[in-house]
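Listing of run.cif, mmCIF, C-alpha atoms and all ligand atoms
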data_run
#
loop_
_atom_site.label_atom_id
_atom_site.label_comp_id
_atom_site.auth_asym_id
_atom_site.auth_seq_id
_atom_site.Cartn_x
_atom_site.Cartn_y
_atom_site.Cartn_z
CA MET A 947 11.05 -17.55 -6.43
CA THR A 948 12.90 -17.48 -9.78
CA GLN A 949 11.46 -15.07 -12.32
CA PRO A 950 12.24 -14.66 -16.03
CA ASP A 951 14.73 -11.98 -17.11
CA TRP A 952 11.90 -9.63 -18.20
CA TRP A 953 10.27 -9.59 -14.75
CA TYR A 954 10.15 -6.13 -13.11
CA ASP A 955 12.56 -5.64 -10.20
CA ASP A 956 10.18 -4.29 -7.57
CA LEU A 957 12.78 -4.36 -4.79
CA ARG A 958 14.43 -1.20 -6.08
CA GLN A 959 13.11 2.14 -4.85
CA VAL A 960 11.52 4.55 -7.32
CA GLY A 961 10.83 8.20 -6.50
CA LEU A 962 11.21 9.03 -2.80
CA ASP A 963 13.88 6.70 -1.39
CA PHE A 964 12.35 4.76 1.49
CA GLU A 965 15.63 2.94 2.00
CA ASP A 966 17.10 6.22 3.26
CA GLU A 967 17.18 6.23 7.10
CA GLY A 968 16.53 10.00 7.24
CA GLN A 969 13.46 9.66 5.02
CA VAL A 970 12.15 6.85 7.24
CA ALA A 971 12.91 8.64 10.54
CA THR A 972 10.80 11.65 9.47
CA TYR A 973 8.10 9.63 7.67
CA ASP A 974 5.44 9.43 10.40
CA GLY A 975 5.74 13.17 11.10
CA ARG A 976 5.16 13.97 7.45
CA GLN A 977 2.53 11.34 6.72
CA GLY A 978 0.54 11.63 9.94
CA GLY A 979 -0.17 7.92 10.61
CA ASP A 980 -2.96 7.23 13.14
CA ALA A 981 -3.29 3.82 14.85
CA ALA A 982 -6.80 4.59 16.15
CA ALA A 983 -8.02 5.43 12.64
CA ASP A 984 -6.38 2.23 11.35
CA ARG A 985 -8.14 0.16 14.04
CA ALA A 986 -11.50 1.70 13.02
CA LEU A 987 -10.74 0.95 9.37
CA LEU A 988 -9.81 -2.68 10.14
CA SER A 989 -12.85 -3.15 12.30
CA GLY A 990 -15.01 -1.84 9.42
CA LEU A 991 -13.32 -4.39 7.16
CA GLY A 992 -14.44 -7.14 9.53
CA VAL A 993 -11.09 -8.02 11.14
CA THR A 994 -11.46 -10.41 14.08
CA ARG A 995 -9.22 -12.77 16.08
CA ASP A 996 -9.73 -15.30 13.22
CA THR A 997 -8.40 -13.05 10.46
CA ALA A 998 -5.13 -13.73 8.62
CA LEU A 999 -4.07 -10.54 6.90
CA ALA A 1000 -1.18 -8.95 5.07
CA ASP A 1001 -0.20 -5.30 4.82
CA ILE A 1002 1.84 -4.81 1.63
CA GLY A 1003 4.02 -1.71 1.58
CA CYS A 1004 3.60 -1.60 5.35
CA GLY A 1005 6.05 1.28 5.83
CA THR A 1006 6.72 2.06 9.50
CA GLY A 1007 4.12 -0.50 10.56
CA ILE A 1008 1.46 1.65 12.28
CA LEU A 1009 -1.40 -0.18 10.56
CA ALA A 1010 0.29 -3.61 10.68
CA CYS A 1011 0.82 -3.31 14.45
CA ALA A 1012 -2.75 -2.07 14.98
CA ALA A 1013 -3.89 -5.10 12.97
CA ALA A 1014 -1.77 -7.50 15.05
CA GLY A 1015 -3.69 -6.35 18.14
CA MET A 1016 -6.96 -7.43 16.46
CA ALA A 1017 -6.18 -10.32 14.09
CA ARG A 1018 -4.88 -13.89 14.29
CA SER A 1019 -1.81 -13.21 12.17
CA VAL A 1020 -0.27 -10.36 10.21
CA ARG A 1021 2.30 -10.40 7.43
CA ALA A 1022 4.00 -6.99 7.28
CA ILE A 1023 5.62 -6.80 3.84
CA ASP A 1024 7.81 -4.06 2.40
CA VAL A 1025 10.70 -3.71 -0.04
CA SER A 1026 12.53 -1.33 2.29
CA GLY A 1027 14.79 -2.78 4.97
CA ALA A 1028 14.83 0.60 6.73
CA MET A 1029 11.01 0.71 6.89
CA LEU A 1030 10.88 -2.88 8.13
CA ARG A 1031 13.40 -2.17 10.92
CA THR A 1032 11.22 0.70 12.15
CA ALA A 1033 8.09 -1.45 11.94
CA GLN A 1034 9.83 -4.29 13.80
CA ALA A 1035 10.90 -1.94 16.59
CA ARG A 1036 7.29 -0.75 16.91
CA ALA A 1037 6.03 -4.33 17.16
CA ARG A 1038 8.70 -5.13 19.77
CA ASP A 1039 7.72 -2.04 21.83
CA GLN A 1040 4.09 -3.17 21.71
CA GLY A 1041 4.96 -6.77 22.68
CA LEU A 1042 3.33 -8.20 19.53
CA SER A 1043 4.16 -11.79 18.62
CA ASN A 1044 1.67 -12.58 15.83
CA ILE A 1045 3.30 -10.36 13.21
CA ALA A 1046 5.87 -11.55 10.67
CA PHE A 1047 8.08 -9.13 8.74
CA GLU A 1048 8.96 -9.94 5.15
CA ARG A 1049 11.27 -8.09 2.83
CA GLY A 1050 9.48 -8.31 -0.49
CA GLY A 1051 7.28 -6.47 -2.90
CA PHE A 1052 3.94 -6.88 -4.64
CA LEU A 1053 5.69 -8.88 -7.36
CA THR A 1054 7.86 -11.01 -5.07
CA PHE A 1055 5.94 -11.82 -1.86
CA PRO A 1056 4.89 -15.48 -1.55
CA ALA A 1057 1.20 -15.62 -2.53
CA SER A 1058 -0.05 -18.62 -0.61
CA GLY A 1059 -3.84 -18.39 -0.99
CA ASP A 1060 -4.56 -18.44 2.75
CA LEU A 1061 -5.21 -14.78 3.54
CA ASP A 1062 -8.60 -13.34 4.52
CA LEU A 1063 -7.59 -9.74 3.89
CA ILE A 1064 -4.87 -7.74 2.17
CA VAL A 1065 -4.50 -4.08 3.02
CA THR A 1066 -2.25 -1.77 1.06
CA LYS A 1067 -2.03 1.95 1.63
CA ASN A 1068 -0.09 4.46 -0.46
CA ALA A 1069 2.16 1.79 -1.99
CA LEU A 1070 0.74 0.31 -5.21
CA HIS A 1071 1.57 3.53 -7.10
CA HIS A 1072 5.25 2.49 -6.93
CA LEU A 1073 4.64 0.05 -9.79
CA PRO A 1074 4.10 0.95 -13.47
CA ASP A 1075 0.55 0.21 -14.64
CA MET A 1076 1.11 -3.14 -16.32
CA TRP A 1077 2.85 -4.36 -13.17
CA LYS A 1078 0.09 -2.97 -10.94
CA ALA A 1079 -2.27 -5.30 -12.83
CA VAL A 1080 0.13 -8.23 -12.40
CA ALA A 1081 0.46 -7.35 -8.70
CA LEU A 1082 -3.33 -7.41 -8.39
CA THR A 1083 -3.46 -10.94 -9.81
CA ARG A 1084 -0.82 -11.99 -7.26
CA MET A 1085 -2.88 -10.42 -4.45
CA ARG A 1086 -5.94 -12.33 -5.73
CA ASP A 1087 -3.87 -15.54 -5.61
CA ALA A 1088 -2.73 -14.76 -2.06
CA LEU A 1089 -6.32 -14.48 -0.83
CA LYS A 1090 -8.78 -17.23 -0.03
CA PRO A 1091 -11.74 -17.23 -2.45
CA GLY A 1092 -13.99 -14.40 -1.25
CA GLY A 1093 -11.07 -12.81 0.64
CA ARG A 1094 -10.94 -9.04 0.59
CA LEU A 1095 -8.52 -6.47 -0.73
CA TYR A 1096 -8.43 -2.90 0.58
CA ILE A 1097 -6.45 -0.37 -1.44
CA ARG A 1098 -6.01 3.28 -0.59
CA ASP A 1099 -3.66 5.23 -2.77
CA VAL A 1100 -3.03 8.43 -4.63
CA VAL A 1101 -4.92 8.31 -7.94
CA PHE A 1102 -5.83 11.05 -10.37
CA ASN A 1103 -9.60 11.33 -10.43
CA CYS A 1104 -9.77 13.49 -13.49
CA PRO A 1105 -9.64 13.36 -17.28
CA PRO A 1106 -6.12 13.54 -18.81
CA ASP A 1107 -6.61 17.19 -19.85
CA ALA A 1108 -7.02 18.18 -16.22
CA ILE A 1109 -3.66 16.73 -15.06
CA PRO A 1110 -1.74 20.07 -14.92
CA ARG A 1111 -4.28 21.80 -12.67
CA THR A 1112 -4.96 18.65 -10.63
CA VAL A 1113 -1.25 18.15 -9.92
CA GLU A 1114 -0.66 21.82 -9.08
CA SER A 1115 -3.64 21.85 -6.75
CA TRP A 1116 -2.40 18.64 -5.04
CA ILE A 1117 1.10 20.11 -4.62
CA GLY A 1118 -0.47 23.22 -3.05
CA TRP A 1119 -2.51 21.09 -0.62
CA MET A 1120 0.41 18.80 0.30
CA THR A 1121 2.80 21.66 1.03
CA ARG A 1122 0.17 23.48 3.13
CA GLU A 1123 -1.29 20.52 5.04
CA THR A 1124 1.54 17.94 5.37
CA GLY A 1125 5.28 17.91 5.91
CA TYR A 1126 6.05 17.26 2.21
CA SER A 1127 7.88 19.84 0.10
CA ARG A 1128 7.08 20.86 -3.47
CA GLU A 1129 10.14 18.87 -4.61
CA ASP A 1130 8.89 15.75 -2.77
CA VAL A 1131 5.51 15.87 -4.47
CA ALA A 1132 6.97 16.82 -7.86
CA CYS A 1133 9.31 13.82 -7.53
CA HIS A 1134 6.32 11.59 -6.75
CA VAL A 1135 4.44 12.75 -9.86
CA ARG A 1136 7.50 12.60 -12.12
CA GLU A 1137 9.06 9.32 -10.98
CA GLU A 1138 6.50 7.20 -9.17
CA HIS A 1139 3.61 5.71 -11.13
CA THR A 1140 0.37 7.19 -9.83
CA THR A 1141 -2.35 6.44 -12.34
CA PHE A 1142 -5.93 7.49 -13.02
CA GLY A 1143 -8.65 6.20 -10.68
CA TRP A 1144 -10.65 4.91 -13.66
CA ILE A 1145 -7.66 2.83 -14.80
CA LEU A 1146 -7.07 1.34 -11.35
CA ALA A 1147 -10.75 0.41 -10.93
CA ARG A 1148 -10.69 -1.45 -14.25
CA MET A 1149 -7.42 -3.21 -13.35
CA ILE A 1150 -8.97 -4.49 -10.12
CA THR A 1151 -11.87 -6.15 -11.93
CA GLU A 1152 -9.67 -7.45 -14.78
CA ALA A 1153 -7.44 -9.11 -12.16
CA GLY A 1154 -10.31 -11.26 -10.89
CA PHE A 1155 -11.91 -9.18 -8.16
CA ARG A 1156 -15.47 -8.00 -7.67
CA LEU A 1157 -15.38 -4.32 -6.78
CA VAL A 1158 -17.37 -3.92 -3.57
CA SER A 1159 -16.85 -0.19 -3.16
CA ARG A 1160 -14.89 2.62 -4.74
CA VAL A 1161 -14.57 6.10 -3.29
CA HIS A 1162 -12.63 8.85 -4.99
CA ASP A 1163 -11.86 11.83 -2.78
CA GLY A 1164 -9.59 14.52 -4.15
CA VAL A 1165 -6.37 12.92 -5.35
CA TYR A 1166 -7.05 9.68 -3.46
CA GLY A 1167 -8.94 6.51 -4.17
CA THR A 1168 -10.20 3.84 -1.79
CA TYR A 1169 -11.20 0.45 -3.18
CA VAL A 1170 -12.60 -2.62 -1.45
CA ALA A 1171 -12.74 -5.71 -3.62
CA GLU A 1172 -13.46 -9.40 -3.18
CA ALA A 1173 -11.42 -12.20 -4.78
CA ILE A 1174 -13.61 -14.17 -7.16
CA ALA A 1175 -13.39 -17.91 -6.50
C1 LIG B 1201 4.33 6.05 0.99
S1 LIG B 1201 4.92 4.64 1.85
C2 LIG B 1201 3.40 4.01 2.58
C3 LIG B 1201 3.64 3.29 3.88
C4 LIG B 1201 2.38 2.90 4.65
N1 LIG B 1201 1.59 1.91 3.95
C5 LIG B 1201 1.55 4.12 4.93
O1 LIG B 1201 0.43 4.24 4.41
O2 LIG B 1201 2.02 4.98 5.69
C6 LIG B 1201 5.18 3.49 0.55
C7 LIG B 1201 5.79 2.18 1.03
O3 LIG B 1201 5.73 1.24 -0.04
C8 LIG B 1201 6.96 0.56 -0.10
N2 LIG B 1201 7.13 0.04 -1.46
C9 LIG B 1201 7.65 0.64 -2.54
N3 LIG B 1201 7.61 -0.18 -3.60
C10 LIG B 1201 7.03 -1.33 -3.19
C11 LIG B 1201 6.72 -2.58 -3.80
N4 LIG B 1201 6.98 -2.80 -5.09
N5 LIG B 1201 6.14 -3.55 -3.06
C12 LIG B 1201 5.86 -3.33 -1.75
N6 LIG B 1201 6.14 -2.18 -1.11
C13 LIG B 1201 6.72 -1.20 -1.81
C14 LIG B 1201 8.00 1.60 0.31
O4 LIG B 1201 9.21 1.01 0.72
C15 LIG B 1201 7.25 2.32 1.41
O5 LIG B 1201 7.45 1.71 2.67
#
Taking this structure as input, can you express it in the form of structure tokens?
Amino acid sequence: MTQPDWWYDDLRQVGLDFEDEGQVATYDGRQGGDAAADRALLSGLGVTRDTALADIGCGTGILACAAAGMARSVRAIDVSGAMLRTAQARARDQGLSNIAFERGGFLTFPASGDLDLIVTKNALHHLPDMWKAVALTRMRDALKPGGRLYIRDVVFNCPPDAIPRTVESWIGWMTRETGYSREDVACHVREEHTTFGWILARMITEAGFRLVSRVHDGVYGTYVAEAIA
């Protein structure tokens, strides 16, 4: 796809470098992915043997592989070649044949209008806000009318004045409860593009979705939305 010269290059890494093999090799240990939890999530989202779905920003492919065991077809999409290699090895180990790996981003993946569900976890925050909104319109275009979008991501569920204490409290929690260091989380806040939950919710509806549910828990937001025909 040819884009104009002002189009954002979403293939380059911002913040934590997920093209770095060391970063990828230690990712699951730090992040704590859980295939059983992903299967429960997908089942709650109505995934069946008829479902065509995409996981954008699929990372090491835990969710995408869990989905391939339940769905008709899965597109596992990520900008990072290193992440995709790990995800591909996982799919090979599990003998999965209905999963396609695509190197691309929210702003570059082919949006063909034939998907029943798009899932994206902890990835949309890599884009600046205007481009998140553009990405949401592309995800709407990639879905069938009435198709569903599931987003879980870091979002700040607070007024702007509360950012310093919200960020410090999140850094404290991350360094206590996960394998991330203070520098990792500081880098995320400084260089990635996590936004406010109230901005993201508005972007979803402005992009042509009906918001089905929105849950804000701590520094996370979970959104289920339906593409308006
Ligand atoms: C924090 S990881 C999340 C991986 C996985 N979804 C999970 O929840 O464990 C973020 C992933 O998003 C990918 N990513 C970064 N920018 C992206 C973009 N513009 N489009 C698609 N994926 C992107 C990174 O390469 C990385 O694999």
- request: Let me have all residues with an atom within 8 Å of ligand LIG 1201 (chain B), counting only C-alpha atoms and all ligand atoms, laid out as a PyMOL selection string.
  value: chain A and resi 956-960+963-965+973-974+977+979+1001-1009+1023-1027+1029-1030+1050-1054+1066-1073
Given the selection you just returned, output its residues as a file containing C-alpha atoms, formatted as a compact mmCIF listing (two decimals), keeping the file's coordinate frame.
# COMPACT_ATOMS: atom_id res chain seq x y z
CA ASP A 956 10.18 -4.29 -7.57
CA LEU A 957 12.78 -4.36 -4.79
CA ARG A 958 14.43 -1.20 -6.08
CA GLN A 959 13.11 2.14 -4.85
CA VAL A 960 11.52 4.55 -7.32
CA ASP A 963 13.88 6.70 -1.39
CA PHE A 964 12.35 4.76 1.49
CA GLU A 965 15.63 2.94 2.00
CA TYR A 973 8.10 9.63 7.67
CA ASP A 974 5.44 9.43 10.40
CA GLN A 977 2.53 11.34 6.72
CA GLY A 979 -0.17 7.92 10.61
CA ASP A 1001 -0.20 -5.30 4.82
CA ILE A 1002 1.84 -4.81 1.63
CA GLY A 1003 4.02 -1.71 1.58
CA CYS A 1004 3.60 -1.60 5.35
CA GLY A 1005 6.05 1.28 5.83
CA THR A 1006 6.72 2.06 9.50
CA GLY A 1007 4.12 -0.50 10.56
CA ILE A 1008 1.46 1.65 12.28
CA LEU A 1009 -1.40 -0.18 10.56
CA ILE A 1023 5.62 -6.80 3.84
CA ASP A 1024 7.81 -4.06 2.40
CA VAL A 1025 10.70 -3.71 -0.04
CA SER A 1026 12.53 -1.33 2.29
CA GLY A 1027 14.79 -2.78 4.97
CA MET A 1029 11.01 0.71 6.89
CA LEU A 1030 10.88 -2.88 8.13
CA GLY A 1050 9.48 -8.31 -0.49
CA GLY A 1051 7.28 -6.47 -2.90
CA PHE A 1052 3.94 -6.88 -4.64
CA LEU A 1053 5.69 -8.88 -7.36
CA THR A 1054 7.86 -11.01 -5.07
CA THR A 1066 -2.25 -1.77 1.06
CA LYS A 1067 -2.03 1.95 1.63
CA ASN A 1068 -0.09 4.46 -0.46
CA ALA A 1069 2.16 1.79 -1.99
CA LEU A 1070 0.74 0.31 -5.21
CA HIS A 1071 1.57 3.53 -7.10
CA HIS A 1072 5.25 2.49 -6.93
CA LEU A 1073 4.64 0.05 -9.79
query: Got a sec: who's within 12 Å of Ser1115 in chain A, counting only C-alpha atoms, leaving out chain neighbours fewer than 2 positions off, as JSON, numbers by chain?
result: {"A": [1102, 1108, 1109, 1110, 1111, 1112, 1113, 1117, 1118, 1119, 1120, 1121, 1122, 1128, 1131, 1132, 1164, 1165]}
message: Calculated over only C-alpha atoms, which of the candidates A:Val1101, A:Ala1153, A:Leu987, A:Val1080 has the smallest distance to His1134 in chain A?
response: A:Val1101
task: Would you mind listing what lies within 7 Å of Leu999 in chain A as a PyMOL selection string, with only C-alpha atoms counted and same-chain residues fewer than 2 positions away left out?
output: chain A and resi 997+1001+1019-1021+1061-1064
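Nearest to Pro1106 in chain A of all the residues A:Ile1145, A:Ala983, A:Val993, A:Ala1017 is A:Ile1145, based on only C-alpha atoms.
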- request: Can you work out the spacing between CA of Leu1157 in chain A and CA of Phe1142 in chain A in Å, to one decimal?
  value: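 That distance, rounded to one decimal, is 16.4 Å.
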- request: For CA of Ala1014 in chain A and CA of Asp1039 in chain A, determine how far apart the two atoms are, in Å to one decimal place.
  value: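 Value for the CA of Ala1014 in chain A-CA of Asp1039 in chain A distance: 12.9 Å.
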- request: For Gly1015 in chain A, work out the shell of residues within 10 Å, counting only C-alpha atoms and skipping chain neighbours fewer than 3 positions away, then give it as a count of residues only.
  value: 16
task: Check the smallest atom-to-atom distance from each of A:Gly1093, A:Asp955, A:Phe1047, A:Val970 to Ala998 in chain A using all atoms listed in the file, then report the winner.
output: A:Gly1093
- request: Quote the spacing between CA of Ala1171 in chain A and CA of Pro1074 in chain A in Å to one decimal place.
  value: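 Distance between the two atoms: 20.6 Å.
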Val1170 in chain A environment, 7 Å, only C-alpha atoms, sequence neighbours closer than 3 positions dropped, as an mmCIF file with C-alpha atoms, in the frame of the given file:
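File written: result-v4.cif
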data_model
loop_
_atom_site.group_PDB
_atom_site.id
_atom_site.type_symbol
_atom_site.label_atom_id
_atom_site.label_comp_id
_atom_site.auth_asym_id
_atom_site.auth_seq_id
_atom_site.Cartn_x
_atom_site.Cartn_y
_atom_site.Cartn_z
ATOM 1 C CA ARG A 1094 -10.940 -9.040 0.590
ATOM 2 C CA LEU A 1095 -8.520 -6.470 -0.730
ATOM 3 C CA TYR A 1096 -8.430 -2.900 0.580
ATOM 4 C CA ILE A 1097 -6.450 -0.370 -1.440
ATOM 5 C CA LEU A 1157 -15.380 -4.320 -6.780
ATOM 6 C CA VAL A 1158 -17.370 -3.920 -3.570
ATOM 7 C CA SER A 1159 -16.850 -0.190 -3.160
ATOM 8 C CA ARG A 1160 -14.890 2.620 -4.740
#
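Distances from A:Ala1046, A:Thr1032, A:Trp1077, A:Arg1084 to Gln969 in chain A were compared using only C-alpha atoms, and the smallest one belongs to A:Thr1032.
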task: Fewer than 3 positions away in the same chain doesn't count, so skip those; otherwise give me all residues within 8 Å of Gly1143 in chain A, counting only C-alpha atoms, as a list of chain:residue names.
output: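 So, after excluding close chain neighbours, the residues are A:Val1101, A:Phe1102, A:Asn1103, A:Cys1104, A:Leu1146, A:Ala1147, A:His1162, A:Gly1167.
If all atoms listed in the file are the atoms counted, then among A:Gly1092, A:Pro1105, A:Gly1125, A:Gly990 the closest residue to Phe1155 in chain A is A:Gly1092.
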Minimum-distance residue to Ser1058 in chain A, chosen among A:Arg976, A:Lys1090, A:Arg1156, A:Arg1148 (using only C-alpha atoms):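 Of A:Arg976, A:Lys1090, A:Arg1156, A:Arg1148, the one nearest Ser1058 in chain A is A:Lys1090, counting only C-alpha atoms.
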